[in-house]
$ cat coords.csv   # CSV, C-alpha atoms (C1' of nucleotides)
chain,number,residue,atom,x,y,z
A,1,MET,CA,95.2,74.8,105.5
A,2,VAL,CA,96.4,75.6,102.0
A,3,GLN,CA,99.2,78.1,102.0
A,4,TYR,CA,100.9,80.1,99.3
A,5,GLY,CA,104.5,79.7,98.4
A,6,HIS,CA,106.7,82.5,96.9
A,7,PRO,CA,104.8,84.5,94.3
A,8,ALA,CA,106.4,84.9,90.9
A,9,PRO,CA,108.7,88.0,90.7
A,10,THR,CA,106.9,91.0,89.2
A,11,HIS,CA,107.2,94.7,88.7
A,12,LEU,CA,103.8,95.3,90.0
A,13,ASP,CA,104.9,96.2,93.5
A,14,ALA,CA,107.2,99.0,92.2
A,15,SER,CA,104.9,100.3,89.6
A,16,PHE,CA,101.7,100.4,91.7
A,17,ALA,CA,103.8,102.1,94.5
A,18,ALA,CA,105.1,104.6,91.9
A,19,LEU,CA,101.5,105.3,90.8
A,20,SER,CA,100.2,105.7,94.3
A,21,ASP,CA,101.5,109.3,94.6
A,22,VAL,CA,99.6,112.1,92.9
A,23,THR,CA,102.8,114.1,92.1
A,24,ARG,CA,104.3,111.1,90.3
A,25,ARG,CA,101.1,110.5,88.3
A,26,GLY,CA,101.2,114.2,87.4
A,27,VAL,CA,104.8,113.8,86.2
A,28,LEU,CA,103.9,110.9,84.0
A,29,GLU,CA,101.0,112.9,82.5
A,30,GLN,CA,103.4,115.8,82.0
A,31,LEU,CA,106.0,113.7,80.3
A,32,GLY,CA,103.3,112.3,78.1
A,33,ARG,CA,103.0,115.8,76.7
A,34,ALA,CA,106.6,116.8,76.5
A,35,ASP,CA,110.0,115.7,77.8
A,36,ALA,CA,111.1,117.9,80.7
A,37,SER,CA,114.1,118.6,82.9
A,38,ILE,CA,114.2,118.2,86.6
A,39,THR,CA,114.1,122.0,87.1
A,40,GLU,CA,111.0,122.2,84.9
A,41,LEU,CA,109.2,119.5,86.7
A,42,ALA,CA,110.1,120.8,90.1
A,43,GLY,CA,108.7,124.2,89.1
A,44,LYS,CA,105.4,122.8,87.9
A,45,PHE,CA,104.9,120.8,91.0
A,46,ARG,CA,106.1,123.4,93.4
A,47,MET,CA,108.9,121.5,95.1
A,48,THR,CA,112.6,121.5,95.4
A,49,LEU,CA,114.9,120.0,92.8
A,50,THR,CA,116.0,117.4,95.3
A,51,GLY,CA,112.4,116.4,96.0
A,52,MET,CA,111.6,116.1,92.4
A,53,LYS,CA,114.7,114.2,91.7
A,54,LYS,CA,113.6,111.6,94.2
A,55,HIS,CA,110.2,111.2,92.5
A,56,VAL,CA,111.9,110.9,89.1
A,57,SER,CA,114.2,108.2,90.6
A,58,VAL,CA,111.2,106.3,91.9
A,59,LEU,CA,109.6,106.4,88.4
A,60,GLU,CA,112.9,105.4,86.8
A,61,GLN,CA,113.3,102.4,89.2
A,62,ALA,CA,109.8,101.3,88.2
A,63,GLY,CA,110.8,101.6,84.5
A,64,LEU,CA,108.2,104.3,83.8
A,65,VAL,CA,110.6,107.0,83.1
A,66,THR,CA,114.1,107.2,81.5
A,67,THR,CA,116.5,110.1,81.9
A,68,GLU,CA,119.6,111.2,80.1
A,69,LYS,CA,122.0,113.9,81.3
A,70,VAL,CA,123.4,116.2,78.6
A,71,GLY,CA,125.6,118.9,80.0
A,72,ARG,CA,124.0,120.3,83.1
A,73,VAL,CA,120.5,119.2,82.2
A,74,ARG,CA,118.9,115.8,82.9
A,75,THR,CA,116.1,115.3,80.5
A,76,CYS,CA,113.2,113.0,81.6
A,77,ARG,CA,111.0,111.2,79.2
A,78,LEU,CA,108.5,108.3,79.3
A,79,GLY,CA,110.2,105.0,79.8
A,80,ALA,CA,109.8,101.6,78.1
A,81,ARG,CA,107.1,100.2,80.4
A,82,ARG,CA,103.6,100.8,79.1
A,83,LEU,CA,101.8,99.5,82.3
A,84,GLU,CA,100.9,96.4,80.4
A,85,GLU,CA,101.3,94.1,83.4
A,86,GLU,CA,99.4,96.5,85.5
A,87,ALA,CA,96.5,96.9,83.1
A,88,ALA,CA,96.4,93.1,82.7
A,89,TRP,CA,96.3,92.6,86.5
A,90,ILE,CA,93.5,95.1,86.9
A,91,GLU,CA,91.6,93.7,84.0
A,92,ARG,CA,91.8,90.2,85.4
A,93,TYR,CA,90.6,91.5,88.7
A,94,ARG,CA,87.7,93.2,87.2
A,95,GLU,CA,86.7,89.9,85.5
A,96,LEU,CA,87.0,88.1,88.8
A,97,TRP,CA,84.9,90.8,90.5
A,98,ALA,CA,82.2,90.5,87.8
A,99,ALA,CA,82.2,86.7,88.0
A,100,ARG,CA,81.9,86.9,91.7
A,101,PHE,CA,78.9,89.1,91.6
A,102,ASP,CA,77.3,87.1,88.8
A,103,ALA,CA,77.6,84.1,91.1
A,104,LEU,CA,75.8,86.1,93.7
A,105,ASP,CA,73.1,86.9,91.1
A,106,VAL,CA,72.7,83.2,90.6
A,107,VAL,CA,72.1,82.7,94.3
A,108,VAL,CA,69.6,85.4,94.3
A,109,ASP,CA,67.9,83.9,91.3
A,110,GLU,CA,67.7,80.6,93.1
A,111,LEU,CA,66.1,82.2,96.1
A,112,MET,CA,63.6,84.0,93.9
A,113,LYS,CA,62.8,80.7,92.1
A,114,GLU,CA,62.3,78.9,95.3
A,115,LYS,CA,60.0,81.6,96.5
A,116,ARG,CA,58.0,81.7,93.3
A,117,ASP,CA,57.7,77.9,93.3
A,118,GLY,CA,56.5,78.0,96.9
A,119,ARG,CA,59.2,75.6,98.0
A,120,GLN,CA,60.0,76.0,101.7
A,121,LYS,CA,62.1,74.1,104.3
A,122,ARG,CA,60.1,72.2,106.8
A,123,SER,CA,56.5,72.1,105.6
B,1,MET,CA,106.6,128.9,85.0
B,2,VAL,CA,103.3,127.1,84.8
B,3,GLN,CA,102.4,125.5,88.1
B,4,TYR,CA,99.7,123.1,89.1
B,5,GLY,CA,97.0,123.8,91.7
B,6,HIS,CA,95.4,121.3,94.0
B,7,PRO,CA,94.6,118.1,92.0
B,8,ALA,CA,91.0,116.8,92.1
B,9,PRO,CA,90.4,114.5,95.0
B,10,THR,CA,90.6,110.8,94.0
B,11,HIS,CA,90.8,107.4,95.4
B,12,LEU,CA,93.8,106.6,93.2
B,13,ASP,CA,96.3,107.2,96.0
B,14,ALA,CA,94.7,104.7,98.3
B,15,SER,CA,93.9,102.0,95.8
B,16,PHE,CA,97.2,102.0,94.0
B,17,ALA,CA,98.9,101.9,97.4
B,18,ALA,CA,96.7,99.0,98.4
B,19,LEU,CA,97.6,97.2,95.2
B,20,SER,CA,101.4,97.8,95.6
B,21,ASP,CA,101.6,94.9,98.1
B,22,VAL,CA,101.8,91.4,96.8
B,23,THR,CA,100.0,90.0,99.9
B,24,ARG,CA,97.1,92.4,99.4
B,25,ARG,CA,96.8,91.5,95.7
B,26,GLY,CA,96.8,87.9,96.7
B,27,VAL,CA,94.0,88.6,99.2
B,28,LEU,CA,91.9,90.2,96.5
B,29,GLU,CA,92.4,87.3,94.2
B,30,GLN,CA,91.5,84.9,97.0
B,31,LEU,CA,88.3,86.8,97.8
B,32,GLY,CA,87.5,86.7,94.1
B,33,ARG,CA,87.2,83.0,94.5
B,34,ALA,CA,85.4,82.9,97.9
B,35,ASP,CA,84.7,85.0,100.9
B,36,ALA,CA,87.1,84.3,103.8
B,37,SER,CA,87.6,85.0,107.4
B,38,ILE,CA,90.7,86.8,108.8
B,39,THR,CA,91.9,83.4,110.2
B,40,GLU,CA,91.6,81.7,106.8
B,41,LEU,CA,93.5,84.6,105.0
B,42,ALA,CA,96.2,84.7,107.7
B,43,GLY,CA,96.7,81.0,107.3
B,44,LYS,CA,96.9,81.1,103.5
B,45,PHE,CA,99.4,83.9,103.5
B,46,ARG,CA,101.4,82.6,106.5
B,47,MET,CA,101.1,85.5,108.8
B,48,THR,CA,99.6,86.5,112.1
B,49,LEU,CA,96.0,87.4,112.5
B,50,THR,CA,97.0,90.9,113.5
B,51,GLY,CA,99.1,91.3,110.4
B,52,MET,CA,96.4,90.1,108.1
B,53,LYS,CA,93.9,92.3,109.9
B,54,LYS,CA,96.0,95.3,109.0
B,55,HIS,CA,96.1,94.3,105.3
B,56,VAL,CA,92.4,93.8,105.3
B,57,SER,CA,91.9,97.2,106.9
B,58,VAL,CA,94.0,98.8,104.2
B,59,LEU,CA,91.9,97.1,101.5
B,60,GLU,CA,88.8,98.2,103.3
B,61,GLN,CA,89.9,101.8,103.5
B,62,ALA,CA,90.5,101.7,99.8
B,63,GLY,CA,87.0,100.4,99.3
B,64,LEU,CA,88.2,97.2,97.7
B,65,VAL,CA,87.0,94.9,100.5
B,66,THR,CA,84.1,95.0,102.8
B,67,THR,CA,83.8,93.0,106.0
B,68,GLU,CA,81.1,91.9,108.3
B,69,LYS,CA,81.4,90.5,111.8
B,70,VAL,CA,79.0,87.7,112.7
B,71,GLY,CA,79.6,86.2,116.1
B,72,ARG,CA,83.4,85.7,116.5
B,73,VAL,CA,84.1,85.6,112.8
B,74,ARG,CA,84.7,88.6,110.5
B,75,THR,CA,83.9,87.6,107.0
B,76,CYS,CA,85.7,89.5,104.2
B,77,ARG,CA,84.4,89.9,100.7
B,78,LEU,CA,85.2,92.0,97.6
B,79,GLY,CA,84.0,95.5,98.0
B,80,ALA,CA,82.1,97.9,95.8
B,81,ARG,CA,85.0,99.4,94.0
B,82,ARG,CA,85.8,97.7,90.7
B,83,LEU,CA,89.0,99.5,90.0
B,84,GLU,CA,87.2,101.5,87.3
B,85,GLU,CA,89.0,104.8,88.0
B,86,GLU,CA,92.3,102.9,88.2
B,87,ALA,CA,91.7,101.1,85.0
B,88,ALA,CA,90.7,104.4,83.4
B,89,TRP,CA,93.8,106.2,84.6
B,90,ILE,CA,96.1,103.4,83.3
B,91,GLU,CA,94.2,103.3,79.9
B,92,ARG,CA,94.5,107.0,79.5
B,93,TYR,CA,98.2,106.8,80.3
B,94,ARG,CA,98.7,104.0,77.7
B,95,GLU,CA,97.1,106.2,75.1
B,96,LEU,CA,99.3,109.1,76.1
B,97,TRP,CA,102.3,106.8,75.9
B,98,ALA,CA,101.3,105.5,72.4
B,99,ALA,CA,100.7,109.0,71.1
B,100,ARG,CA,104.0,110.2,72.5
B,101,PHE,CA,105.9,107.5,70.6
B,102,ASP,CA,103.8,107.9,67.5
B,103,ALA,CA,105.0,111.5,67.6
B,104,LEU,CA,108.5,110.3,67.7
B,105,ASP,CA,107.8,108.1,64.7
B,106,VAL,CA,106.7,111.2,62.8
B,107,VAL,CA,110.0,112.9,63.6
B,108,VAL,CA,111.9,109.8,62.5
B,109,ASP,CA,109.8,109.7,59.3
B,110,GLU,CA,110.7,113.4,58.7
B,111,LEU,CA,114.4,112.7,59.1
B,112,MET,CA,114.2,109.7,56.7
B,113,LYS,CA,112.4,111.9,54.1
B,114,GLU,CA,115.0,114.6,54.4
B,115,LYS,CA,117.7,112.1,53.9
B,116,ARG,CA,115.9,110.5,50.9
B,117,ASP,CA,115.3,113.9,49.3
B,118,GLY,CA,118.9,114.8,49.7
B,119,ARG,CA,118.0,117.9,51.6
B,120,GLN,CA,120.7,119.2,54.0
B,121,LYS,CA,121.4,122.2,56.1
B,122,ARG,CA,124.0,124.6,54.7
B,123,SER,CA,125.0,123.8,51.1
C,1,DC,C1',81.4,76.8,134.3
C,2,DA,C1',85.7,76.0,131.7
C,3,DC,C1',88.0,76.1,127.7
C,4,DA,C1',89.1,76.9,122.9
C,5,DT,C1',88.5,80.0,119.0
C,6,DA,C1',88.5,84.5,116.6
C,7,DC,C1',89.4,88.6,116.7
C,8,DT,C1',91.2,93.3,118.5
C,9,DG,C1',94.3,96.9,120.2
C,10,DA,C1',98.4,98.7,122.0
C,11,DA,C1',103.2,98.7,121.8
C,12,DC,C1',107.2,97.9,119.5
C,13,DC,C1',110.6,97.5,115.7
C,14,DA,C1',113.0,98.2,111.3
C,15,DT,C1',112.6,100.2,107.2
C,16,DA,C1',110.5,103.2,103.6
C,17,DT,C1',108.4,107.6,102.1
C,18,DG,C1',108.0,112.4,101.0
C,19,DG,C1',109.7,116.1,101.9
C,20,DT,C1',113.2,119.7,103.4
C,21,DT,C1',118.0,122.2,103.9
C,22,DC,C1',122.7,122.7,103.0
C,23,DA,C1',126.9,122.1,100.9
C,24,DG,C1',128.9,120.5,97.2
C,25,DT,C1',130.2,119.5,91.8
C,26,DA,C1',129.9,120.3,86.9
C,27,DT,C1',128.7,123.1,83.0
C,28,DG,C1',127.6,127.1,80.1
C,29,DG,C1',128.0,132.1,79.1
C,30,DG,C1',130.1,136.6,79.0
D,1,DC,C1',138.2,133.9,85.0
D,2,DC,C1',133.7,134.7,87.2
D,3,DC,C1',129.3,133.9,88.0
D,4,DA,C1',124.8,131.8,87.4
D,5,DT,C1',122.4,127.5,86.4
D,6,DA,C1',121.4,122.6,87.1
D,7,DC,C1',121.9,119.0,89.3
D,8,DT,C1',123.5,115.7,93.2
D,9,DG,C1',124.2,113.7,97.7
D,10,DA,C1',124.2,113.6,102.6
D,11,DA,C1',121.7,114.5,106.6
D,12,DC,C1',117.7,115.3,108.8
D,13,DC,C1',112.7,115.0,110.0
D,14,DA,C1',107.9,113.4,110.6
D,15,DT,C1',105.0,110.0,109.4
D,16,DA,C1',103.7,105.6,107.2
D,17,DT,C1',104.3,100.6,106.3
D,18,DG,C1',104.6,95.8,107.2
D,19,DG,C1',105.4,93.0,110.3
D,20,DT,C1',105.7,91.1,115.2
D,21,DT,C1',104.3,89.9,120.4
D,22,DC,C1',101.4,90.2,124.2
D,23,DA,C1',97.4,91.0,126.6
D,24,DG,C1',93.0,91.5,126.3
D,25,DT,C1',87.6,90.8,124.9
D,26,DA,C1',83.8,88.3,123.0
D,27,DT,C1',81.8,84.1,121.5
D,28,DG,C1',81.0,79.2,120.8
D,29,DT,C1',81.0,74.4,122.8
D,30,DG,C1',81.0,70.5,126.0
$ encode --input "coords.csv" --output "structure tokens"
Amino acid sequence: MVQYGHPAPTHLDASFAALSDVTRRGVLEQLGRADASITELAGKFRMTLTGMKKHVSVLEQAGLVTTEKVGRVRTCRLGARRLEEEAAWIERYRELWAARFDALDVVVDELMKEKRDGRQKRS
Amino acid sequence: MVQYGHPAPTHLDASFAALSDVTRRGVLEQLGRADASITELAGKFRMTLTGMKKHVSVLEQAGLVTTEKVGRVRTCRLGARRLEEEAAWIERYRELWAARFDALDVVVDELMKEKRDGRQKRS
DNA sequence: CACATACTGAACCATATGGTTCAGTATGGG
DNA sequence: CCCATACTGAACCATATGGTTCAGTATGTG
């Protein structure tokens, strides 16, 4: 049986995991509007500083957010990653999906044609 | 401070989580080429039937795969969800991201203009 | 019937996740 | 100096994840 070897290293695991939490998606949207401190984000999403710090760390690890500490305040802003790989993966999948169902359509067409032509198995 | 209420219910959590595993992404790509049984998938990704069954269940929960058991064999195929919501979320984010950095460009332009015009604060 | 195949479910395991509290440290303001 | 603010890190907790083994059940096949 055909088996797969090691897949190429990618950021997809980390970024999709980062995106799988509604709070973190919210943080990204928020930072898309304005930079924010940990305190501000924690306030908006009703959680402790420590909790928010963890979310920000996850986003930072995934390259989606960068932070900079000036004085007491750590300012968070959108990071360098633009979800290009992620968008590309999803787009490729959507094409696969469409192709797969187009193939099904072909099968259906074949069946319809057979029916119309009156062809049948065994007499 | 402005706080957020309950976010609208969405499939994003489940589907992004499903996509965050390299094996599950592989399964989706595989099913894009041909339907497959649990045994076939387990063989290709070098894991136990039980392990693969769990992955397939996760994908099924997320609506990305549907399965049908005929006789002993459970056949897996791509599900109804085409990652439309997911693609849309990412696309919206990418626009936010671009807008955010365009805004930064404007700031930079302003600074450049001030410098060129010789304008300075205080004297 | 006997046996192999294909899956299923329970139990287990190590680690990760999403949150908290509590006890710091560092910084800014009066 | 004193106090409030802003963050940080460790510890803890419940639950989820990604895998396994083992013991079934159900289904094909000779």
$ residues_around --input "coords.csv" --residues "segment 5-19 of chain C" --least-positions-apart "6" --cutoff "8 Å" --atoms "only C-alpha atoms (C1' of nucleotides)" --output "number ranges by chain"
A: 51; B: 39, 49, 72-74; D: 16-17, 25, 28
$ residues_around --input "coords.csv" --residues "Phe101 of chain A" --least-positions-apart "5" --cutoff "12 Å" --atoms "all atoms listed in the file" --output "list in words"
Arg94, Glu95, Leu96, Val106, Val107 and Val108 of chain A; Leu31, Gly32, Arg33, Ala34, Asp35, Arg77, Leu78, Gly79, Ala80 and Arg82 of chain B
$ interface_residues --input "coords.csv" --of "chain B" --to "chain D" --cutoff "12 Å" --atoms "all atoms listed in the file" --output "list of chain:residue names"
B:Ala17, B:Ala18, B:Ser20, B:Asp21, B:Val22, B:Thr23, B:Arg24, B:Arg46, B:Met47, B:Thr48, B:Leu49, B:Thr50, B:Gly51, B:Met52, B:Lys53, B:Lys54, B:His55, B:Val58, B:Lys69, B:Val70, B:Gly71, B:Arg72, B:Val73
$ atom_distance --input "coords.csv" --atom1 "atom CA of Ile90 of chain A" --atom2 "atom CA of His11 of chain B"
15.2 Å
$ atom_distance --input "coords.csv" --atom1 "atom CA of Ala87 of chain A" --atom2 "atom CA of Leu28 of chain B"
15.7 Å
$ atom_distance --input "coords.csv" --atom1 "atom CA of Glu86 of chain B" --atom2 "atom CA of Thr66 of chain B"
18.5 Å
$ closest_residue --input "coords.csv" --among "A:Ala99, A:Ser15, A:Thr67, A:Thr10" --to "Arg81 of chain A" --atoms "all atoms listed in the file"
A:Ser15
